[in-house]
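As provided, coords.pdb (PDB, C-alpha atoms) reads as follows.
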MODEL        1
ATOM      1  CA  MET A  29      19.161 -37.545 -65.928
ATOM      2  CA  ALA A  30      19.941 -33.952 -64.975
ATOM      3  CA  ASP A  31      16.355 -32.877 -65.517
ATOM      4  CA  ASP A  32      14.967 -35.885 -63.698
ATOM      5  CA  ALA A  33      17.227 -35.426 -60.694
ATOM      6  CA  SER A  34      16.346 -31.798 -60.174
ATOM      7  CA  SER A  35      12.629 -32.320 -60.760
ATOM      8  CA  ILE A  36      10.538 -31.052 -57.868
ATOM      9  CA  GLU A  37       7.844 -33.610 -58.698
ATOM     10  CA  VAL A  38       9.440 -36.985 -58.083
ATOM     11  CA  LEU A  39      12.789 -38.714 -58.608
ATOM     12  CA  ASN A  40      12.770 -41.694 -60.943
ATOM     13  CA  SER A  41      14.348 -44.894 -59.673
ATOM     14  CA  SER A  42      17.661 -44.184 -61.424
ATOM     15  CA  ALA A  43      17.872 -40.749 -59.774
ATOM     16  CA  GLN A  44      16.843 -42.291 -56.438
ATOM     17  CA  GLY A  45      19.716 -44.757 -56.713
ATOM     18  CA  GLN A  46      22.100 -41.949 -57.615
ATOM     19  CA  LEU A  47      20.929 -39.905 -54.639
ATOM     20  CA  LYS A  48      21.403 -42.797 -52.209
ATOM     21  CA  SER A  49      24.894 -43.413 -53.576
ATOM     22  CA  VAL A  50      25.825 -39.723 -53.256
ATOM     23  CA  ILE A  51      24.525 -39.457 -49.680
ATOM     24  CA  HIS A  52      26.299 -42.645 -48.620
ATOM     25  CA  ARG A  53      29.583 -41.503 -50.165
ATOM     26  CA  ILE A  54      29.287 -38.147 -48.390
ATOM     27  CA  GLU A  55      28.486 -39.834 -45.078
ATOM     28  CA  ARG A  56      31.436 -42.206 -45.410
ATOM     29  CA  LEU A  57      33.840 -39.344 -46.147
ATOM     30  CA  GLU A  58      32.409 -37.317 -43.239
ATOM     31  CA  ARG A  59      32.890 -40.312 -40.944
ATOM     32  CA  GLU A  60      36.517 -40.686 -42.046
ATOM     33  CA  LYS A  61      37.062 -36.971 -41.427
ATOM     34  CA  ALA A  62      35.561 -37.304 -37.947
ATOM     35  CA  ASP A  63      37.872 -40.267 -37.264
ATOM     36  CA  LEU A  64      40.898 -38.199 -38.288
ATOM     37  CA  SER A  65      39.742 -35.353 -36.048
ATOM     38  CA  ALA A  66      39.547 -37.812 -33.158
ATOM     39  CA  ASP A  67      43.053 -39.091 -34.019
ATOM     40  CA  LEU A  68      44.363 -35.523 -34.029
ATOM     41  CA  LYS A  69      42.777 -34.871 -30.665
ATOM     42  CA  ALA A  70      44.465 -38.020 -29.326
ATOM     43  CA  VAL A  71      47.884 -36.934 -30.651
ATOM     44  CA  TYR A  72      47.535 -33.530 -28.975
ATOM     45  CA  ALA A  73      46.387 -35.171 -25.723
ATOM     46  CA  GLU A  74      49.318 -37.602 -25.800
ATOM     47  CA  ALA A  75      51.756 -34.760 -26.508
ATOM     48  CA  LYS A  76      50.269 -32.777 -23.632
ATOM     49  CA  GLY A  77      50.773 -35.818 -21.426
ATOM     50  CA  ASN A  78      54.456 -35.746 -22.434
ATOM     51  CA  GLY A  79      54.777 -32.136 -21.304
ATOM     52  CA  PHE A  80      54.269 -30.319 -24.619
ATOM     53  CA  ASP A  81      52.027 -27.259 -24.781
ATOM     54  CA  ALA A  82      49.146 -27.964 -27.175
ATOM     55  CA  LYS A  83      48.557 -24.303 -28.042
ATOM     56  CA  THR A  84      52.183 -23.877 -29.080
ATOM     57  CA  LEU A  85      52.079 -27.116 -31.094
ATOM     58  CA  ARG A  86      49.072 -25.737 -33.017
ATOM     59  CA  LYS A  87      51.012 -22.544 -33.629
ATOM     60  CA  VAL A  88      54.032 -24.500 -34.916
ATOM     61  CA  VAL A  89      51.816 -26.446 -37.328
ATOM     62  CA  ARG A  90      50.178 -23.210 -38.540
ATOM     63  CA  LEU A  91      53.541 -21.436 -39.021
ATOM     64  CA  ARG A  92      54.981 -24.401 -40.952
ATOM     65  CA  ARG A  93      51.882 -24.475 -43.188
ATOM     66  CA  GLN A  94      52.089 -20.732 -43.882
ATOM     67  CA  ASP A  95      55.798 -20.994 -44.544
ATOM     68  CA  LYS A  96      55.247 -23.889 -46.955
ATOM     69  CA  ALA A  97      52.464 -22.021 -48.793
ATOM     70  CA  LYS A  98      54.675 -18.949 -49.049
ATOM     71  CA  ARG A  99      57.587 -20.980 -50.436
ATOM     72  CA  GLN A 100      55.285 -22.653 -52.971
ATOM     73  CA  GLU A 101      53.948 -19.260 -54.047
ATOM     74  CA  GLU A 102      57.469 -17.885 -54.429
ATOM     75  CA  ASP A 103      58.501 -20.948 -56.414
ATOM     76  CA  ALA A 104      55.488 -20.547 -58.699
ATOM     77  CA  ILE A 105      56.344 -16.890 -59.384
ATOM     78  CA  LEU A 106      59.971 -17.845 -59.988
ATOM     79  CA  ASP A 107      58.878 -20.549 -62.465
ATOM     80  CA  LEU A 108      56.619 -18.025 -64.179
ATOM     81  CA  TYR A 109      59.414 -15.520 -64.629
ATOM     82  CA  LEU A 110      61.899 -18.178 -65.740
ATOM     83  CA  SER A 111      59.494 -19.646 -68.289
ATOM     84  CA  ALA A 112      58.740 -16.125 -69.566
ATOM     85  CA  LEU A 113      62.477 -15.786 -70.169
ATOM     86  CA  GLY A 114      62.569 -19.181 -71.908
ATOM     87  CA  GLY A 115      64.352 -20.916 -69.032
ATOM     88  CA  LEU A 116      67.421 -20.172 -66.968
TER      89      LEU A 116
ATOM     90  CA  MET B 102      60.358 -36.388 -19.858
ATOM     91  CA  ALA B 103      57.464 -34.086 -18.979
ATOM     92  CA  ASP B 104      59.740 -31.596 -17.252
ATOM     93  CA  ASP B 105      62.299 -31.670 -20.029
ATOM     94  CA  ALA B 106      59.715 -31.202 -22.763
ATOM     95  CA  SER B 107      58.107 -28.172 -21.156
ATOM     96  CA  SER B 108      61.395 -26.553 -20.224
ATOM     97  CA  ILE B 109      61.682 -23.040 -21.586
ATOM     98  CA  GLU B 110      65.459 -23.372 -21.679
ATOM     99  CA  VAL B 111      66.152 -26.067 -24.247
ATOM    100  CA  LEU B 112      64.726 -29.404 -25.373
ATOM    101  CA  ASN B 113      67.017 -32.385 -24.895
ATOM    102  CA  SER B 114      67.501 -34.657 -27.890
ATOM    103  CA  SER B 115      64.865 -37.114 -26.710
ATOM    104  CA  ALA B 116      62.282 -34.324 -26.406
ATOM    105  CA  GLN B 117      63.388 -32.962 -29.788
ATOM    106  CA  GLY B 118      62.759 -36.348 -31.372
ATOM    107  CA  GLN B 119      59.371 -36.563 -29.653
ATOM    108  CA  LEU B 120      58.455 -33.093 -30.889
ATOM    109  CA  LYS B 121      59.391 -33.904 -34.489
ATOM    110  CA  SER B 122      57.355 -37.110 -34.319
ATOM    111  CA  VAL B 123      54.318 -35.274 -32.907
ATOM    112  CA  ILE B 124      54.476 -32.500 -35.528
ATOM    113  CA  HIS B 125      54.854 -34.994 -38.378
ATOM    114  CA  ARG B 126      51.927 -37.084 -37.125
ATOM    115  CA  ILE B 127      49.753 -33.971 -36.870
ATOM    116  CA  GLU B 128      50.770 -32.829 -40.346
ATOM    117  CA  ARG B 129      50.029 -36.247 -41.841
ATOM    118  CA  LEU B 130      46.566 -36.349 -40.230
ATOM    119  CA  GLU B 131      45.869 -32.777 -41.371
ATOM    120  CA  ARG B 132      46.898 -33.733 -44.919
ATOM    121  CA  GLU B 133      44.559 -36.737 -44.872
ATOM    122  CA  LYS B 134      41.742 -34.500 -43.629
ATOM    123  CA  ALA B 135      42.422 -32.028 -46.435
ATOM    124  CA  ASP B 136      42.336 -34.905 -48.946
ATOM    125  CA  LEU B 137      38.949 -36.015 -47.630
ATOM    126  CA  SER B 138      37.656 -32.439 -47.854
ATOM    127  CA  ALA B 139      38.760 -32.366 -51.498
ATOM    128  CA  ASP B 140      37.021 -35.719 -52.090
ATOM    129  CA  LEU B 141      33.830 -34.359 -50.524
ATOM    130  CA  LYS B 142      33.999 -31.291 -52.728
ATOM    131  CA  ALA B 143      34.374 -33.561 -55.771
ATOM    132  CA  VAL B 144      31.337 -35.664 -54.760
ATOM    133  CA  TYR B 145      29.211 -32.532 -54.375
ATOM    134  CA  ALA B 146      30.463 -31.181 -57.720
ATOM    135  CA  GLU B 147      29.703 -34.484 -59.455
ATOM    136  CA  ALA B 148      26.230 -34.615 -57.895
ATOM    137  CA  LYS B 149      25.613 -31.048 -59.018
ATOM    138  CA  GLY B 150      26.655 -32.083 -62.515
ATOM    139  CA  ASN B 151      23.978 -34.799 -62.336
ATOM    140  CA  GLY B 152      21.312 -32.234 -61.511
ATOM    141  CA  PHE B 153      21.237 -32.488 -57.713
ATOM    142  CA  ASP B 154      21.106 -29.345 -55.585
ATOM    143  CA  ALA B 155      24.230 -29.223 -53.361
ATOM    144  CA  LYS B 156      22.594 -27.072 -50.689
ATOM    145  CA  THR B 157      19.753 -29.547 -50.291
ATOM    146  CA  LEU B 158      22.204 -32.478 -50.206
ATOM    147  CA  ARG B 159      24.039 -30.779 -47.328
ATOM    148  CA  LYS B 160      20.730 -30.322 -45.554
ATOM    149  CA  VAL B 161      19.845 -34.013 -46.036
ATOM    150  CA  VAL B 162      23.200 -35.080 -44.572
ATOM    151  CA  ARG B 163      22.723 -32.740 -41.604
ATOM    152  CA  LEU B 164      19.175 -33.935 -40.923
ATOM    153  CA  ARG B 165      20.236 -37.600 -41.094
ATOM    154  CA  ARG B 166      23.102 -36.915 -38.665
ATOM    155  CA  GLN B 167      20.807 -35.108 -36.208
ATOM    156  CA  ASP B 168      18.240 -37.876 -36.490
ATOM    157  CA  LYS B 169      20.897 -40.519 -35.849
ATOM    158  CA  ALA B 170      22.274 -38.631 -32.824
ATOM    159  CA  LYS B 171      18.761 -38.271 -31.446
ATOM    160  CA  ARG B 172      18.032 -41.975 -31.890
ATOM    161  CA  GLN B 173      21.333 -42.890 -30.189
ATOM    162  CA  GLU B 174      20.529 -40.579 -27.275
ATOM    163  CA  GLU B 175      17.063 -42.094 -26.908
ATOM    164  CA  ASP B 176      18.541 -45.596 -27.030
ATOM    165  CA  ALA B 177      21.082 -44.669 -24.342
ATOM    166  CA  ILE B 178      18.342 -43.366 -22.045
ATOM    167  CA  LEU B 179      16.261 -46.468 -22.708
ATOM    168  CA  ASP B 180      19.244 -48.695 -21.845
ATOM    169  CA  LEU B 181      19.807 -46.682 -18.659
ATOM    170  CA  TYR B 182      16.218 -47.115 -17.522
ATOM    171  CA  LEU B 183      16.156 -50.815 -18.439
ATOM    172  CA  SER B 184      19.405 -51.528 -16.628
ATOM    173  CA  ALA B 185      18.109 -49.622 -13.598
ATOM    174  CA  LEU B 186      15.173 -52.027 -13.613
ATOM    175  CA  GLY B 187      17.515 -54.989 -13.918
ATOM    176  CA  GLY B 188      16.624 -55.661 -17.558
ATOM    177  CA  LEU B 189      13.377 -56.049 -19.462
TER     178      LEU B 189
ENDMDL
END

Show me, as structure tokens, the structure contained in the file I just sent.
Amino acid sequence: MADDASSIEVLNSSAQGQLKSVIHRIERLEREKADLSADLKAVYAEAKGNGFDAKTLRKVVRLRRQDKAKRQEEDAILDLYLSALGGL
Amino acid sequence: MADDASSIEVLNSSAQGQLKSVIHRIERLEREKADLSADLKAVYAEAKGNGFDAKTLRKVVRLRRQDKAKRQEEDAILDLYLSALGGL
């Protein structure tokens, strides 16, 4: 199948079916992502309507994400060191 | 509420609750978006494993999206003209 799919000549009907399935799956996922982006926009707009500053909200979300990533990284290093010592 | 929420002094407990709710909703939507991005990556990886070229798949998706947007725009203009004429 790999050779058939990448052939520059023609795709056989199995590869054609595969291609259609792949494209439709990608398009569905992209649509769902676009829907979530629209939902996010609506949440920010609603928050703005309640007097919150959207730019600061975005900053809060970014800081919390960075903080979480940093904590996860520190935990991973801690686990590494502890396991190297054979536990606590 | 609007004045309380944007106050630089302090957020009252109602505004605090609102803020927490907003941040959690944003974080949930962002997580779902990240999950979809991971799913998309997996679809492309699987397709690549079946011999499809990922770059060309991305191009196909883009072309289909542009084509669809163009068709929708043309339909909207057609509807505008037809309604201006009072129908067909």

Quick one: pull the distance between atom CA of A:Leu91 and atom CA of B:Arg126, Å, one decimal.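 Separation of atom CA of A:Leu91 and atom CA of B:Arg126: 15.8 Å.
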
Between atom CA of A:Arg56 and atom CA of B:Glu174, distance in Å (one decimal): 21.2 Å

Atom CA of B:Ala185 to atom CA of B:Gln173, distance in Å rounded to a single decimal: 18.2 Å

At a cut-off of 12 Å, which residues of chain B touch chain A? Count all atoms listed in the file and give the answer as a ChimeraX atom specification. /B:102-109,112,115-117,119-155,157-166,169

Could you write out that same residue set with C-alpha atoms as a short mmCIF file (atom, residue, chain, number, x, y, z; two decimals), keeping the file's coordinate frame?
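The file below, result.cif, is the result:
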data_model
loop_
_atom_site.label_atom_id
_atom_site.label_comp_id
_atom_site.auth_asym_id
_atom_site.auth_seq_id
_atom_site.Cartn_x
_atom_site.Cartn_y
_atom_site.Cartn_z
CA MET B 102 60.36 -36.39 -19.86
CA ALA B 103 57.46 -34.09 -18.98
CA ASP B 104 59.74 -31.60 -17.25
CA ASP B 105 62.30 -31.67 -20.03
CA ALA B 106 59.72 -31.20 -22.76
CA SER B 107 58.11 -28.17 -21.16
CA SER B 108 61.40 -26.55 -20.22
CA ILE B 109 61.68 -23.04 -21.59
CA LEU B 112 64.73 -29.40 -25.37
CA SER B 115 64.86 -37.11 -26.71
CA ALA B 116 62.28 -34.32 -26.41
CA GLN B 117 63.39 -32.96 -29.79
CA GLN B 119 59.37 -36.56 -29.65
CA LEU B 120 58.46 -33.09 -30.89
CA LYS B 121 59.39 -33.90 -34.49
CA SER B 122 57.36 -37.11 -34.32
CA VAL B 123 54.32 -35.27 -32.91
CA ILE B 124 54.48 -32.50 -35.53
CA HIS B 125 54.85 -34.99 -38.38
CA ARG B 126 51.93 -37.08 -37.12
CA ILE B 127 49.75 -33.97 -36.87
CA GLU B 128 50.77 -32.83 -40.35
CA ARG B 129 50.03 -36.25 -41.84
CA LEU B 130 46.57 -36.35 -40.23
CA GLU B 131 45.87 -32.78 -41.37
CA ARG B 132 46.90 -33.73 -44.92
CA GLU B 133 44.56 -36.74 -44.87
CA LYS B 134 41.74 -34.50 -43.63
CA ALA B 135 42.42 -32.03 -46.44
CA ASP B 136 42.34 -34.90 -48.95
CA LEU B 137 38.95 -36.02 -47.63
CA SER B 138 37.66 -32.44 -47.85
CA ALA B 139 38.76 -32.37 -51.50
CA ASP B 140 37.02 -35.72 -52.09
CA LEU B 141 33.83 -34.36 -50.52
CA LYS B 142 34.00 -31.29 -52.73
CA ALA B 143 34.37 -33.56 -55.77
CA VAL B 144 31.34 -35.66 -54.76
CA TYR B 145 29.21 -32.53 -54.38
CA ALA B 146 30.46 -31.18 -57.72
CA GLU B 147 29.70 -34.48 -59.46
CA ALA B 148 26.23 -34.62 -57.90
CA LYS B 149 25.61 -31.05 -59.02
CA GLY B 150 26.66 -32.08 -62.52
CA ASN B 151 23.98 -34.80 -62.34
CA GLY B 152 21.31 -32.23 -61.51
CA PHE B 153 21.24 -32.49 -57.71
CA ASP B 154 21.11 -29.34 -55.58
CA ALA B 155 24.23 -29.22 -53.36
CA THR B 157 19.75 -29.55 -50.29
CA LEU B 158 22.20 -32.48 -50.21
CA ARG B 159 24.04 -30.78 -47.33
CA LYS B 160 20.73 -30.32 -45.55
CA VAL B 161 19.84 -34.01 -46.04
CA VAL B 162 23.20 -35.08 -44.57
CA ARG B 163 22.72 -32.74 -41.60
CA LEU B 164 19.18 -33.94 -40.92
CA ARG B 165 20.24 -37.60 -41.09
CA ARG B 166 23.10 -36.92 -38.66
CA LYS B 169 20.90 -40.52 -35.85
#

Give me the least-squares superposed chain B (reference chain A; all C-alpha atoms paired in order) as a JSON list (two decimals) with C-alpha atoms, in the coordinates of the input.
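Output file superposed20.json follows:
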[["chain", "number", "residue", "atom", "x", "y", "z"],
["B", 102, "MET", "CA", 19.40, -37.41, -65.94],
["B", 103, "ALA", "CA", 20.03, -33.80, -64.94],
["B", 104, "ASP", "CA", 16.42, -32.81, -65.57],
["B", 105, "ASP", "CA", 15.05, -35.84, -63.78],
["B", 106, "ALA", "CA", 17.27, -35.37, -60.74],
["B", 107, "SER", "CA", 16.32, -31.74, -60.23],
["B", 108, "SER", "CA", 12.63, -32.30, -60.83],
["B", 109, "ILE", "CA", 10.52, -31.06, -57.96],
["B", 110, "GLU", "CA", 7.85, -33.62, -58.79],
["B", 111, "VAL", "CA", 9.48, -36.98, -58.15],
["B", 112, "LEU", "CA", 12.84, -38.69, -58.62],
["B", 113, "ASN", "CA", 12.82, -41.65, -60.99],
["B", 114, "SER", "CA", 14.43, -44.84, -59.73],
["B", 115, "SER", "CA", 17.73, -44.11, -61.45],
["B", 116, "ALA", "CA", 17.93, -40.68, -59.78],
["B", 117, "GLN", "CA", 16.90, -42.27, -56.47],
["B", 118, "GLY", "CA", 19.77, -44.73, -56.74],
["B", 119, "GLN", "CA", 22.16, -41.90, -57.63],
["B", 120, "LEU", "CA", 20.97, -39.88, -54.65],
["B", 121, "LYS", "CA", 21.45, -42.78, -52.22],
["B", 122, "SER", "CA", 24.95, -43.37, -53.60],
["B", 123, "VAL", "CA", 25.87, -39.68, -53.25],
["B", 124, "ILE", "CA", 24.55, -39.44, -49.68],
["B", 125, "HIS", "CA", 26.35, -42.63, -48.63],
["B", 126, "ARG", "CA", 29.63, -41.46, -50.17],
["B", 127, "ILE", "CA", 29.33, -38.11, -48.37],
["B", 128, "GLU", "CA", 28.52, -39.82, -45.08],
["B", 129, "ARG", "CA", 31.48, -42.19, -45.42],
["B", 130, "LEU", "CA", 33.88, -39.30, -46.14],
["B", 131, "GLU", "CA", 32.44, -37.30, -43.23],
["B", 132, "ARG", "CA", 32.93, -40.32, -40.95],
["B", 133, "GLU", "CA", 36.55, -40.67, -42.06],
["B", 134, "LYS", "CA", 37.09, -36.96, -41.41],
["B", 135, "ALA", "CA", 35.60, -37.32, -37.93],
["B", 136, "ASP", "CA", 37.92, -40.28, -37.27],
["B", 137, "LEU", "CA", 40.93, -38.20, -38.28],
["B", 138, "SER", "CA", 39.77, -35.36, -36.02],
["B", 139, "ALA", "CA", 39.59, -37.85, -33.14],
["B", 140, "ASP", "CA", 43.09, -39.11, -34.01],
["B", 141, "LEU", "CA", 44.39, -35.53, -34.01],
["B", 142, "LYS", "CA", 42.81, -34.91, -30.63],
["B", 143, "ALA", "CA", 44.51, -38.06, -29.31],
["B", 144, "VAL", "CA", 47.93, -36.95, -30.63],
["B", 145, "TYR", "CA", 47.55, -33.56, -28.94],
["B", 146, "ALA", "CA", 46.41, -35.22, -25.70],
["B", 147, "GLU", "CA", 49.36, -37.63, -25.77],
["B", 148, "ALA", "CA", 51.80, -34.78, -26.47],
["B", 149, "LYS", "CA", 50.29, -32.82, -23.59],
["B", 150, "GLY", "CA", 50.81, -35.87, -21.39],
["B", 151, "ASN", "CA", 54.49, -35.77, -22.40],
["B", 152, "GLY", "CA", 54.80, -32.17, -21.26],
["B", 153, "PHE", "CA", 54.27, -30.34, -24.56],
["B", 154, "ASP", "CA", 52.03, -27.28, -24.72],
["B", 155, "ALA", "CA", 49.13, -27.99, -27.13],
["B", 156, "LYS", "CA", 48.54, -24.33, -27.96],
["B", 157, "THR", "CA", 52.16, -23.87, -28.99],
["B", 158, "LEU", "CA", 52.07, -27.10, -31.04],
["B", 159, "ARG", "CA", 49.06, -25.74, -32.94],
["B", 160, "LYS", "CA", 50.97, -22.53, -33.55],
["B", 161, "VAL", "CA", 54.01, -24.45, -34.85],
["B", 162, "VAL", "CA", 51.81, -26.41, -37.28],
["B", 163, "ARG", "CA", 50.16, -23.20, -38.48],
["B", 164, "LEU", "CA", 53.48, -21.39, -38.96],
["B", 165, "ARG", "CA", 54.95, -24.34, -40.89],
["B", 166, "ARG", "CA", 51.87, -24.45, -43.14],
["B", 167, "GLN", "CA", 52.03, -20.70, -43.83],
["B", 168, "ASP", "CA", 55.75, -20.93, -44.50],
["B", 169, "LYS", "CA", 55.22, -23.83, -46.91],
["B", 170, "ALA", "CA", 52.42, -22.00, -48.75],
["B", 171, "LYS", "CA", 54.62, -18.92, -49.03],
["B", 172, "ARG", "CA", 57.54, -20.93, -50.40],
["B", 173, "GLN", "CA", 55.24, -22.65, -52.94],
["B", 174, "GLU", "CA", 53.87, -19.27, -54.05],
["B", 175, "GLU", "CA", 57.38, -17.87, -54.45],
["B", 176, "ASP", "CA", 58.43, -20.95, -56.42],
["B", 177, "ALA", "CA", 55.39, -20.58, -58.70],
["B", 178, "ILE", "CA", 56.24, -16.95, -59.42],
["B", 179, "LEU", "CA", 59.87, -17.88, -60.04],
["B", 180, "ASP", "CA", 58.79, -20.61, -62.48],
["B", 181, "LEU", "CA", 56.50, -18.12, -64.24],
["B", 182, "TYR", "CA", 59.29, -15.60, -64.71],
["B", 183, "LEU", "CA", 61.79, -18.26, -65.81],
["B", 184, "SER", "CA", 59.39, -19.76, -68.33],
["B", 185, "ALA", "CA", 58.62, -16.27, -69.64],
["B", 186, "LEU", "CA", 62.35, -15.93, -70.28],
["B", 187, "GLY", "CA", 62.44, -19.31, -71.99],
["B", 188, "GLY", "CA", 64.24, -21.02, -69.11],
["B", 189, "LEU", "CA", 67.33, -20.23, -67.07]]
